[in-house]
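Q: mmCIF, C-alpha atoms and all ligand atoms, saved as structure_36.cif, coming up:
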data_structure
#
loop_
_atom_site.label_atom_id
_atom_site.label_comp_id
_atom_site.auth_asym_id
_atom_site.auth_seq_id
_atom_site.Cartn_x
_atom_site.Cartn_y
_atom_site.Cartn_z
CA MET Y 161 19.99 23.88 -3.06
CA MET Y 162 19.78 20.22 -2.27
CA GLU Y 163 16.37 19.00 -3.20
CA ARG Y 164 15.18 15.65 -1.99
CA LEU Y 165 12.21 15.33 -4.24
CA TRP Y 166 12.34 11.61 -4.80
CA ILE Y 167 13.90 9.80 -1.93
CA PRO Y 168 14.61 11.11 1.56
CA SER Y 169 18.10 10.57 2.87
CA HIS Y 170 17.26 8.80 6.15
CA GLN Y 171 20.76 9.44 7.24
CA THR Y 172 20.35 7.92 10.65
CA LEU Y 173 19.04 4.63 9.34
CA GLY Y 174 19.99 4.01 5.75
CA GLY Y 175 23.59 3.05 6.08
CA ARG Y 176 23.09 0.81 9.06
CA MET Y 177 20.00 -1.02 7.99
CA LEU Y 178 20.12 -1.56 4.28
CA PRO Y 179 22.80 -4.25 4.12
CA PHE Y 180 20.60 -6.45 6.29
CA LEU Y 181 17.48 -5.65 4.38
CA ARG Y 182 18.93 -6.27 0.99
CA HIS Y 183 18.95 -10.03 1.31
CA TYR Y 184 15.73 -10.48 -0.56
CA CYS Y 185 15.98 -9.53 -4.18
CA VAL Y 186 13.33 -10.52 -6.63
CA PHE Y 187 15.13 -10.07 -9.88
CA GLY Y 188 18.71 -10.88 -10.47
CA SER Y 189 21.67 -9.52 -8.61
CA HIS Y 190 22.76 -5.98 -8.02
CA HIS Y 191 24.86 -4.33 -10.66
CA PRO Y 192 25.07 -0.75 -9.54
CA LEU Y 193 26.34 1.74 -12.04
CA THR Y 194 29.41 3.68 -11.14
CA TRP Y 195 29.13 7.12 -9.65
CA SER Y 196 30.54 8.77 -12.74
CA GLY Y 197 28.08 6.90 -14.92
CA LEU Y 198 25.23 8.10 -12.77
CA GLN Y 199 26.33 11.69 -12.80
CA THR Y 200 26.26 11.69 -16.55
CA THR Y 201 22.99 9.83 -16.93
CA GLU Y 202 20.92 11.36 -14.23
CA ARG Y 203 21.87 14.97 -14.57
CA LYS Y 204 20.89 14.84 -18.16
CA HIS Y 205 17.38 13.81 -17.14
CA ASN Y 206 16.62 15.92 -14.11
CA GLN Y 207 17.69 18.78 -11.94
CA ASN Y 208 18.26 16.84 -8.78
CA GLY Y 209 22.00 16.52 -8.86
CA GLY Y 210 22.29 17.43 -5.20
CA TRP Y 211 20.42 14.52 -3.87
CA ILE Y 212 22.13 12.11 -6.21
CA ALA Y 213 25.41 13.14 -4.69
CA GLN Y 214 23.94 12.59 -1.30
CA CYS Y 215 22.75 9.09 -2.12
CA ALA Y 216 26.02 8.26 -3.77
CA ALA Y 217 27.89 9.29 -0.68
CA SER Y 218 25.95 6.83 1.43
CA GLY Y 219 26.27 4.09 -1.13
CA ASN Y 220 22.59 3.24 -0.77
CA GLY Y 221 19.56 4.06 -2.81
CA PRO Y 222 16.72 2.78 -4.87
CA SER Y 223 17.30 1.04 -8.14
CA VAL Y 224 15.02 -0.21 -10.80
CA SER Y 225 14.68 -3.53 -12.48
CA ASP Y 226 14.00 -2.81 -16.10
CA ILE Y 227 13.51 -4.73 -19.29
CA ASN Y 228 16.84 -6.52 -19.22
CA GLY Y 229 17.01 -7.09 -15.52
CA ALA Y 230 19.84 -4.57 -15.41
CA GLN Y 231 19.64 -2.02 -12.67
CA LYS Y 232 20.34 1.63 -12.32
CA ASP Y 233 21.00 2.89 -8.89
CA PHE Y 234 19.33 5.70 -7.03
CA ALA Y 235 16.69 7.18 -9.27
CA LEU Y 236 14.06 6.61 -11.81
CA PRO Y 237 15.00 9.00 -14.59
CA ASP Y 238 12.22 11.02 -16.12
CA SER Y 239 12.45 8.94 -19.28
CA LEU Y 240 11.56 5.79 -17.31
CA LEU Y 241 8.78 7.48 -15.39
CA CYS Y 242 7.25 8.75 -18.62
CA ASN Y 243 6.85 5.26 -20.05
CA ALA Y 244 5.88 3.40 -16.90
CA ARG Y 245 2.31 2.31 -16.26
CA ILE Y 246 2.98 0.54 -12.96
CA LEU Y 247 5.66 1.03 -10.31
CA TYR Y 248 5.93 -1.45 -7.49
CA CYS Y 249 8.09 -2.31 -4.52
CA ALA Y 250 8.20 -5.76 -2.96
CA SER Y 251 9.06 -6.04 0.71
CA PRO Y 252 8.25 -9.59 1.82
CA ALA Y 253 9.65 -9.35 5.38
CA MET Y 254 11.06 -12.85 5.28
CA GLY Y 255 12.26 -12.67 8.87
CA HIS Y 256 8.91 -11.56 10.26
CA ASN Y 257 7.14 -14.88 10.30
CA LYS Y 258 5.46 -17.36 12.59
CA GLU Y 259 4.71 -20.92 11.63
CA SER Y 260 1.09 -21.56 10.67
CA HIS Y 261 0.21 -17.89 11.04
CA PRO Y 262 -1.98 -16.65 8.16
CA GLU Y 263 0.00 -13.41 7.86
CA SER Y 264 3.04 -15.36 6.65
CA ASN Y 265 6.20 -14.64 4.74
CA LYS Y 266 4.85 -16.70 1.84
CA ARG Y 267 2.40 -13.97 0.88
CA VAL Y 268 4.54 -11.51 -1.08
CA PRO Y 269 6.58 -14.21 -2.86
CA ALA Y 270 3.29 -15.86 -3.91
CA ILE Y 271 2.19 -12.59 -5.46
CA VAL Y 272 5.51 -12.03 -7.17
CA ASP Y 273 5.41 -15.59 -8.55
CA ALA Y 274 1.93 -15.01 -9.95
CA LEU Y 275 2.99 -11.73 -11.53
CA GLU Y 276 5.89 -13.54 -13.11
CA LYS Y 277 3.78 -16.45 -14.39
CA LEU Y 278 1.16 -14.11 -15.77
CA GLU Y 279 3.84 -12.02 -17.47
CA LEU Y 280 3.22 -8.84 -15.55
CA THR Y 281 6.78 -8.19 -14.39
CA PRO Y 282 9.51 -5.96 -15.83
CA LYS Y 283 11.05 -9.01 -17.50
CA HIS Y 284 7.95 -9.37 -19.67
CA ARG Y 285 6.70 -5.80 -19.81
CA GLY Y 286 9.83 -3.79 -20.31
CA SER Y 287 9.48 -0.20 -19.28
CA GLN Y 288 5.70 -0.50 -18.71
CA VAL Y 289 6.10 -2.22 -15.36
CA LEU Y 290 8.99 -1.27 -13.11
CA GLU Y 291 10.06 -2.67 -9.80
CA ILE Y 292 11.92 -0.25 -7.54
CA GLN Y 293 14.46 -2.12 -5.47
CA ASN Y 294 16.84 -1.11 -2.70
CA PHE Y 295 14.51 1.60 -1.48
CA HIS Y 296 15.11 3.13 1.91
CA PRO Y 297 13.28 2.23 5.07
CA ALA Y 298 11.07 4.94 6.51
CA SER Y 299 12.86 7.20 8.95
CA LEU Y 300 11.82 7.40 12.57
CA ASP Y 301 10.55 10.90 11.87
CA ASP Y 302 8.36 9.60 9.04
CA VAL Y 303 6.82 7.00 11.32
CA ALA Y 304 6.52 9.45 14.21
CA ARG Y 305 4.09 11.55 12.17
CA VAL Y 306 1.61 8.76 12.89
CA HIS Y 307 2.89 6.73 15.85
CA SER Y 308 4.07 7.81 19.29
CA ARG Y 309 7.82 7.92 19.89
CA LYS Y 310 7.23 5.78 22.96
CA TYR Y 311 5.83 2.98 20.82
CA ILE Y 312 8.52 3.24 18.16
CA THR Y 313 11.45 3.17 20.56
CA GLY Y 314 9.74 0.53 22.68
CA LEU Y 315 9.43 -1.76 19.67
CA GLU Y 316 13.04 -1.18 18.71
CA LYS Y 317 14.11 -2.12 22.24
CA ALA Y 318 11.89 -5.22 22.18
CA MET Y 319 13.98 -6.54 19.30
CA SER Y 320 16.71 -7.71 21.67
CA ARG Y 321 14.17 -9.77 23.61
CA ALA Y 322 12.87 -11.17 20.33
CA SER Y 323 16.42 -11.97 19.41
CA ASP Y 324 16.83 -13.98 22.64
CA GLU Y 325 13.46 -15.68 22.48
CA GLY Y 326 13.04 -16.03 18.70
CA LEU Y 327 9.47 -14.80 18.68
CA ILE Y 328 7.48 -12.65 21.04
CA PHE Y 329 3.88 -11.58 21.24
CA ILE Y 330 3.10 -7.97 21.82
CA GLU Y 331 0.56 -7.90 24.62
CA GLY Y 332 -2.94 -6.61 24.04
CA THR Y 333 -2.55 -6.31 20.28
CA GLY Y 334 -4.90 -8.96 18.90
CA PRO Y 335 -2.21 -11.59 18.33
CA THR Y 336 0.53 -9.50 16.77
CA TYR Y 337 3.86 -11.26 16.91
CA ALA Y 338 7.36 -9.91 16.49
CA THR Y 339 10.66 -11.49 15.61
CA GLN Y 340 14.11 -9.96 15.78
CA THR Y 341 13.68 -8.47 12.30
CA THR Y 342 10.20 -7.03 12.79
CA PHE Y 343 11.28 -3.49 13.56
CA GLN Y 344 13.56 -3.13 10.55
CA GLU Y 345 11.23 -4.92 8.17
CA SER Y 346 8.30 -2.79 9.29
CA LEU Y 347 10.30 0.36 8.60
CA LEU Y 348 11.07 -1.03 5.18
CA ALA Y 349 7.37 -1.70 4.46
CA ALA Y 350 6.58 1.91 5.33
CA GLY Y 351 9.57 3.04 3.25
CA ALA Y 352 8.20 1.26 0.18
CA GLY Y 353 5.05 3.35 0.34
CA ILE Y 354 7.02 6.54 0.73
CA THR Y 355 9.22 5.64 -2.23
CA LEU Y 356 6.18 5.01 -4.41
CA VAL Y 357 4.57 8.28 -3.36
CA ASP Y 358 7.79 10.07 -4.36
CA SER Y 359 7.89 8.41 -7.76
CA VAL Y 360 4.21 8.72 -8.57
CA VAL Y 361 4.22 12.40 -7.61
CA ALA Y 362 7.33 13.00 -9.71
CA ALA Y 363 5.74 11.24 -12.68
CA SER Y 364 2.55 13.26 -12.32
CA LYS Y 365 4.61 16.37 -13.01
CA LEU Y 366 5.68 14.93 -16.34
CA GLY Y 367 2.29 14.10 -17.79
CA PRO Y 368 -1.39 13.48 -17.15
CA SER Y 369 -1.18 9.69 -16.76
CA PRO Y 370 1.48 8.80 -14.22
CA PRO Y 371 2.05 5.14 -13.35
CA LEU Y 372 0.07 3.64 -10.48
CA GLY Y 373 2.08 2.46 -7.51
CA PHE Y 374 1.67 -0.79 -5.61
CA ALA Y 375 3.50 -1.45 -2.35
CA LEU Y 376 3.63 -5.25 -2.06
CA VAL Y 377 4.57 -5.13 1.57
CA ARG Y 378 4.17 -6.74 4.92
CA PRO Y 379 3.63 -6.60 7.79
CA PRO Y 380 0.39 -4.88 6.85
CA GLY Y 381 -0.53 -1.61 8.50
CA HIS Y 382 -4.15 -0.53 8.70
CA HIS Y 383 -4.92 -1.92 12.17
CA ALA Y 384 -1.81 -0.42 13.81
CA VAL Y 385 -2.96 2.41 16.06
CA PRO Y 386 -0.92 5.50 16.93
CA GLU Y 387 0.09 4.00 20.28
CA GLY Y 388 0.94 0.49 19.16
CA PRO Y 389 0.65 -2.50 16.85
CA MET Y 390 -2.57 -4.42 16.40
CA GLY Y 391 -4.10 -7.21 14.34
CA PHE Y 392 -0.92 -8.42 12.52
CA CYS Y 393 -0.03 -4.78 11.76
CA VAL Y 394 3.05 -2.99 13.08
CA PHE Y 395 3.31 0.47 11.51
CA GLY Y 396 0.49 2.13 9.59
CA ASN Y 397 2.17 2.05 6.20
CA ILE Y 398 -0.59 3.93 4.44
CA ALA Y 399 -0.99 6.48 7.23
CA VAL Y 400 2.74 7.17 7.21
CA ALA Y 401 2.60 7.65 3.43
CA ALA Y 402 -0.41 9.98 3.72
CA ARG Y 403 1.42 12.23 6.18
CA TYR Y 404 4.54 12.05 4.04
CA ALA Y 405 2.61 13.11 0.93
CA GLN Y 406 1.35 16.15 2.80
CA HIS Y 407 4.63 17.02 4.48
CA GLN Y 408 7.08 16.33 1.66
CA HIS Y 409 5.02 17.11 -1.42
CA GLY Y 410 2.45 19.58 -0.19
CA LEU Y 411 -0.41 17.34 -1.26
CA LYS Y 412 -2.89 18.71 1.21
CA ARG Y 413 -5.92 16.54 0.68
CA VAL Y 414 -5.44 12.80 0.85
CA MET Y 415 -8.17 10.26 0.26
CA ILE Y 416 -7.69 6.77 1.68
CA ILE Y 417 -9.92 4.02 0.34
CA ASP Y 418 -9.73 0.83 2.43
CA PHE Y 419 -11.43 -2.21 0.88
CA ASP Y 420 -9.86 -4.80 3.16
CA VAL Y 421 -12.56 -7.01 4.69
CA HIS Y 422 -11.66 -5.66 8.13
CA HIS Y 423 -12.13 -2.10 9.31
CA GLY Y 424 -8.91 -0.07 9.06
CA ASN Y 425 -9.25 1.13 12.63
CA GLY Y 426 -5.64 2.28 12.93
CA THR Y 427 -5.85 4.56 9.90
CA CYS Y 428 -9.27 5.72 11.06
CA ASP Y 429 -7.93 6.64 14.51
CA ALA Y 430 -4.90 8.43 13.11
CA PHE Y 431 -7.01 10.82 11.04
CA TYR Y 432 -10.33 10.93 12.83
CA ASP Y 433 -10.02 14.62 13.61
CA ASP Y 434 -8.18 15.64 10.44
CA PRO Y 435 -10.39 17.36 7.85
CA ASP Y 436 -7.72 17.04 5.14
CA ILE Y 437 -7.62 13.25 5.13
CA PHE Y 438 -10.74 11.44 4.02
CA PHE Y 439 -10.80 7.87 5.28
CA LEU Y 440 -13.35 5.60 3.62
CA SER Y 441 -13.61 1.97 4.64
CA THR Y 442 -15.80 -0.85 3.40
CA HIS Y 443 -15.64 -3.89 5.65
CA GLN Y 444 -17.66 -6.86 6.79
CA LEU Y 445 -20.20 -5.99 9.44
CA GLY Y 446 -19.21 -7.49 12.80
CA SER Y 447 -15.75 -8.66 11.75
CA TYR Y 448 -12.46 -7.96 13.55
CA PRO Y 449 -11.79 -5.60 15.29
CA GLY Y 450 -15.45 -4.63 15.76
CA THR Y 451 -14.91 -0.95 14.99
CA GLY Y 452 -16.08 0.99 11.94
CA LYS Y 453 -19.68 1.71 12.81
CA MET Y 454 -21.49 3.71 10.20
CA ASN Y 455 -22.37 6.59 12.51
CA LEU Y 456 -18.71 7.38 13.18
CA ILE Y 457 -18.12 10.13 10.63
CA GLY Y 458 -15.27 12.21 12.08
CA GLN Y 459 -15.45 14.95 14.67
CA GLY Y 460 -15.33 18.72 14.88
CA SER Y 461 -14.07 20.31 11.71
CA SER Y 462 -13.44 16.86 10.27
CA GLU Y 463 -17.05 15.77 10.50
CA GLY Y 464 -17.83 13.93 7.28
CA THR Y 465 -14.26 12.95 6.42
CA THR Y 466 -14.53 9.50 7.91
CA LEU Y 467 -16.92 7.18 6.11
CA ASN Y 468 -17.56 3.64 7.31
CA LEU Y 469 -19.65 1.29 5.21
CA PRO Y 470 -20.08 -2.06 6.97
CA LEU Y 471 -21.35 -4.68 4.52
CA PRO Y 472 -23.35 -7.70 5.64
CA GLY Y 473 -21.74 -11.13 5.40
CA GLY Y 474 -22.08 -12.60 1.90
CA SER Y 475 -21.73 -9.26 0.13
CA GLY Y 476 -19.88 -9.70 -3.13
CA ASP Y 477 -19.32 -8.29 -6.57
CA TYR Y 478 -22.72 -6.68 -7.03
CA SER Y 479 -22.62 -5.12 -3.56
CA MET Y 480 -19.21 -3.64 -4.11
CA ARG Y 481 -20.16 -2.21 -7.50
CA CYS Y 482 -23.12 -0.47 -5.85
CA ALA Y 483 -20.91 0.73 -3.00
CA PHE Y 484 -18.42 2.15 -5.45
CA ASP Y 485 -20.95 3.92 -7.66
CA GLU Y 486 -23.16 5.24 -4.89
CA VAL Y 487 -20.72 5.92 -2.07
CA ILE Y 488 -17.03 5.81 -2.97
CA ALA Y 489 -17.13 7.75 -6.26
CA PRO Y 490 -19.42 10.58 -5.06
CA SER Y 491 -17.42 10.92 -1.83
CA ALA Y 492 -14.20 11.27 -3.76
CA GLN Y 493 -15.75 13.69 -6.24
CA ARG Y 494 -16.93 15.91 -3.43
CA PHE Y 495 -13.70 15.73 -1.41
CA LYS Y 496 -11.44 16.50 -4.40
CA PRO Y 497 -8.27 14.76 -3.20
CA ASP Y 498 -4.74 15.61 -4.29
CA ILE Y 499 -3.76 11.93 -4.10
CA ILE Y 500 -5.63 8.66 -3.52
CA LEU Y 501 -4.06 5.95 -1.38
CA VAL Y 502 -5.64 2.53 -1.20
CA SER Y 503 -5.55 -0.05 1.60
CA ALA Y 504 -5.83 -3.02 -0.71
CA GLY Y 505 -6.76 -6.02 1.37
CA TYR Y 506 -7.69 -9.15 -0.55
CA ASP Y 507 -9.35 -10.94 2.36
CA ALA Y 508 -12.89 -10.10 1.23
CA HIS Y 509 -12.39 -12.75 -1.46
CA ALA Y 510 -14.84 -15.64 -1.29
CA LEU Y 511 -11.95 -18.07 -0.80
CA ASP Y 512 -10.30 -16.18 2.02
CA PRO Y 513 -10.23 -18.15 5.27
CA LEU Y 514 -10.54 -15.19 7.66
CA ALA Y 515 -13.82 -13.61 6.65
CA GLY Y 516 -17.19 -14.06 5.01
CA LEU Y 517 -17.60 -11.74 2.05
CA GLN Y 518 -17.80 -12.98 -1.54
CA PHE Y 519 -15.52 -10.77 -3.60
CA THR Y 520 -13.95 -12.46 -6.61
CA THR Y 521 -10.87 -11.82 -8.68
CA GLY Y 522 -13.19 -9.90 -10.99
CA THR Y 523 -14.36 -7.69 -8.12
CA TYR Y 524 -10.80 -6.63 -7.46
CA TYR Y 525 -10.25 -5.96 -11.15
CA THR Y 526 -13.30 -3.69 -11.28
CA LEU Y 527 -12.30 -1.92 -8.09
CA ALA Y 528 -8.77 -1.27 -9.33
CA SER Y 529 -10.01 -0.07 -12.68
CA SER Y 530 -12.60 2.24 -11.11
CA ILE Y 531 -10.16 3.69 -8.60
CA LYS Y 532 -7.65 4.30 -11.36
CA GLN Y 533 -10.32 6.18 -13.27
CA LEU Y 534 -11.20 8.25 -10.19
CA ALA Y 535 -7.56 9.17 -9.63
CA GLY Y 536 -7.24 10.17 -13.28
CA ASP Y 537 -10.33 12.33 -13.07
CA LEU Y 538 -9.67 13.93 -9.70
CA CYS Y 539 -5.99 14.08 -8.79
CA GLY Y 540 -3.75 13.89 -11.82
CA GLY Y 541 -3.68 10.10 -11.65
CA ARG Y 542 -1.71 10.08 -8.38
CA CYS Y 543 -2.58 6.77 -6.72
CA VAL Y 544 -0.70 4.20 -4.67
CA PHE Y 545 -2.04 0.83 -3.49
CA PHE Y 546 -0.80 -0.80 -0.28
CA LEU Y 547 -1.15 -4.50 0.39
CA GLU Y 548 -3.06 -5.15 3.60
CA GLY Y 549 -4.77 -8.54 4.20
CA GLY Y 550 -5.39 -11.54 1.96
CA TYR Y 551 -4.60 -14.98 3.33
CA ASN Y 552 -5.50 -17.49 0.66
CA LEU Y 553 -2.32 -17.41 -1.37
CA GLN Y 554 -4.07 -18.41 -4.58
CA SER Y 555 -6.90 -15.88 -4.50
CA LEU Y 556 -4.54 -13.22 -3.13
CA SER Y 557 -2.02 -13.60 -5.92
CA SER Y 558 -4.50 -13.92 -8.79
CA SER Y 559 -6.40 -10.89 -7.51
CA VAL Y 560 -3.28 -8.75 -7.24
CA ALA Y 561 -2.33 -9.86 -10.74
CA ASP Y 562 -5.74 -8.81 -12.03
CA THR Y 563 -5.29 -5.50 -10.22
CA PHE Y 564 -2.11 -5.03 -12.24
CA ARG Y 565 -4.02 -5.88 -15.39
CA ALA Y 566 -6.61 -3.24 -14.55
CA PHE Y 567 -3.81 -0.71 -14.07
CA LEU Y 568 -2.60 -1.59 -17.56
CA ASP Y 569 -6.11 -1.28 -19.06
CA GLU Y 570 -5.93 -4.89 -20.18
CA PRO Y 571 -8.87 -7.30 -19.99
CA SER Y 572 -9.41 -9.20 -16.78
CA LEU Y 573 -8.41 -12.84 -16.59
CA ALA Y 574 -10.80 -13.41 -13.70
CA ALA Y 575 -12.77 -16.02 -15.65
CA GLN Y 576 -9.71 -18.27 -15.40
CA PHE Y 577 -9.70 -18.02 -11.63
CA ASP Y 578 -13.25 -17.47 -10.44
CA ASN Y 579 -15.74 -20.26 -9.99
CA PRO Y 580 -19.26 -18.81 -9.93
CA ALA Y 581 -20.61 -22.14 -8.70
CA MET Y 582 -19.09 -21.55 -5.27
CA LEU Y 583 -20.96 -18.27 -4.76
CA TYR Y 584 -24.31 -17.90 -3.08
CA GLU Y 585 -26.88 -15.14 -3.32
CA GLU Y 586 -25.77 -11.76 -1.99
CA PRO Y 587 -27.88 -10.04 0.69
CA THR Y 588 -28.76 -7.27 -1.74
CA ARG Y 589 -31.66 -5.82 0.24
CA ARG Y 590 -29.50 -5.30 3.33
CA VAL Y 591 -26.68 -3.93 1.22
CA LYS Y 592 -29.01 -1.39 -0.39
CA GLU Y 593 -30.28 -0.37 3.03
CA ALA Y 594 -26.72 0.12 4.32
CA ILE Y 595 -25.84 2.19 1.27
CA GLU Y 596 -28.95 4.34 1.64
CA LYS Y 597 -28.21 4.90 5.30
CA VAL Y 598 -24.61 5.94 4.72
CA ARG Y 599 -25.63 8.21 1.85
CA HIS Y 600 -28.12 9.90 4.16
CA LEU Y 601 -25.57 10.27 6.97
CA HIS Y 602 -23.09 11.89 4.58
CA SER Y 603 -25.62 13.79 2.47
CA LEU Y 604 -24.42 12.10 -0.68
ZN ZN X 701 -8.03 -7.76 6.74
#
Have the structure of the file written as structure tokens, please.

A:
Amino acid sequence: MMERLWIPSHQTLGGRMLPFLRHYCVFGSHHPLTWSGLQTTERKHNQNGGWIAQCAASGNGPSVSDINGAQKDFALPDSLLCNARILYCASPAMGHNKESHPESNKRVPAIVDALEKLELTPKHRGSQVLEIQNFHPASLDDVARVHSRKYITGLEKAMSRASDEGLIFIEGTGPTYATQTTFQESLLAAGAGITLVDSVVAASKLGPSPPLGFALVRPPGHHAVPEGPMGFCVFGNIAVAARYAQHQHGLKRVMIIDFDVHHGNGTCDAFYDDPDIFFLSTHQLGSYPGTGKMNLIGQGSSEGTTLNLPLPGGSGDYSMRCAFDEVIAPSAQRFKPDIILVSAGYDAHALDPLAGLQFTTGTYYTLASSIKQLAGDLCGGRCVFFLEGGYNLQSLSSSVADTFRAFLDEPSLAAQFDNPAMLYEEPTRRVKEAIEKVRHLHSL
């Protein structure tokens, strides 16, 4: 029986869309193996011959950049998954861009450059760090598990107007723009998350310490609501992946940790009445979009599976450590997730221009390390990070790099990047009060 354990076929989209979306390639050029070569190699490593044939027939599929920059099409063989510590996909959406907009197409390349400079890429790390390339976009059905068909088809149709006008604004969405490539590139961002869920789940069946996944994608997703885009976000990448993990892999209980400085209102809305998805957001009190009040805790049978912890302006490393130890960890331990997905926004950094928290590179290192530990303790290590915000290219890229270092259990290099002199005193009393209040509300 054909088993599509790793990568869905996306028959309606894959063939048409991939040639366009393949223009950006981080490492080297494509050197796909021949079909006969793949048959021999892959079948030796796994039982999924059926789907390999399917991918081969379409001529499209994921490939991996390994130690030599050489690429193997379609699959990550078990032998690669066994050795990997980090899997990532980069989807920079080069066509989805507006001049002077903070959510720019420079963001993902800046991260990739930093990873390269800091020797955290496959070129430097061999089989420890793998980039999956040529992954499929999400299918319309994948996206429709979160968003309304009306919105999805409406956005697709709007692409012709964007094509005529170059750039359009989607009304009532808290300035979310679209270009003629937005629809396809947003599907690709969601597809990266799905691909990483597939690979991390597959690896978790091979051993107790699967690699962590990181979807270096844009446009971001956590503000996009079921009925439309919002706040620079088009499709809820993490929400789509959460539904996919349940639907495709039978991972019933999904925990989403959102440490972006803004409330992940789109993700929150999508799962507000779902007891099997625990959405936990830390965000700056009073920041965009103004949602995420502490007393919103889910409804009906899902009461308690939404947790909002608004932090007062100025909260930083100490505040987040307390929040993790006293709120995030006990919530996760009680919920007992099957997989942890993370909305990793880097806009709570002290240098970020869009908000007023005081996280540092070191804060992100600690967070990544602690979340990795939680996933190892609670859900077989299954964990995928999704890039959300982060608009200072320097702090964004150094913080993602330190996140990678935490995934590898290597010491932080935050001291090279952080300048303690720029920080001011955290509002610790108000933070403690907020934590106490949320612990009381959730009986933690
Ligand atoms: Zn944000």

Q: Please write as a list in words the list of polymer residues whose atoms come within 12 Å of (5.4, -16.8, 11.1), counting only C-alpha atoms and keeping to the coordinates of the file.

A: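 Returned residue set, sorted by chain then number, is Ala253, Met254, Gly255, His256, Asn257, Lys258, Glu259, Ser260, His261, Pro262, Glu263, Ser264, Asn265, Lys266, Arg267, Gly326, Leu327, Ile328, Phe329, Pro335, Thr336, Tyr337, Ala338, Thr339, Thr341, Thr342, Arg378, Pro379 and Phe392 of chain Y.
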
Q: Please, which residues in region 284-395 of chain Y fall within 10 Å of region 499-503 of chain Y when counting only C-alpha atoms, and what is the closest atom pair and distance in Å to one decimal for each, ordered by chain then residue number, as a tab-separated table?

A:
residue	atom	partner	partner_atom	distance
Y:Gly353	CA	Y:Leu501	CA	9.6
Y:Val357	CA	Y:Ile499	CA	9.1
Y:Val360	CA	Y:Ile499	CA	9.7
Y:Val361	CA	Y:Ile499	CA	8.7
Y:Gly373	CA	Y:Leu501	CA	9.4
Y:Phe374	CA	Y:Val502	CA	9.2
Y:Ala375	CA	Y:Ser503	CA	10.0
Y:Pro380	CA	Y:Ser503	CA	9.3
Y:Gly381	CA	Y:Ser503	CA	8.7
Y:His382	CA	Y:Ser503	CA	7.3

Q: Kindly give the distance, in Å, that separates CA of Ala566 (chain Y) and CA of Leu527 (chain Y), rounded to a single decimal.

A: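 A separation of 8.7 Å between them.
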
Q: Please identify the residues whose atoms come within 10 Å of ligand ZN 701 (chain X), using all atoms listed in the file, and report them as a ChimeraX atom specification.

A: /Y:263,380-383,391-393,418-424,443-444,447-449,503-508,512,514-515,547-551

Q: First collect every listed atom of region 510-525 of chain Y; then fit an axis-aligned box around them, widen it by 6 Å on each side, and give centre and edge lengths in Å to one decimal, as lines of an AutoDock Vina configuration file.

A:
center_x = -14.0
center_y = -12.1
center_z = -1.7
size_x = 19.6
size_y = 24.2
size_z = 30.8

Q: Using all atoms listed in the file, find the one residue out of Y:Ser441, Y:Ser323, Y:Asn425, Y:Ser572 that sits nearest to Ser529 (chain Y).

A: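 Among the listed residues, the smallest separation from Ser529 (chain Y) belongs to Y:Ser572.
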
Q: Determine, counting all atoms listed in the file, which protein, DNA and RNA residues have an atom within 7 Å of an atom of Cys539 (chain Y); residues of the same chain fewer than 3 positions away are not included. Present the result as number ranges by chain.

A: Y: 497-499, 535-536, 542
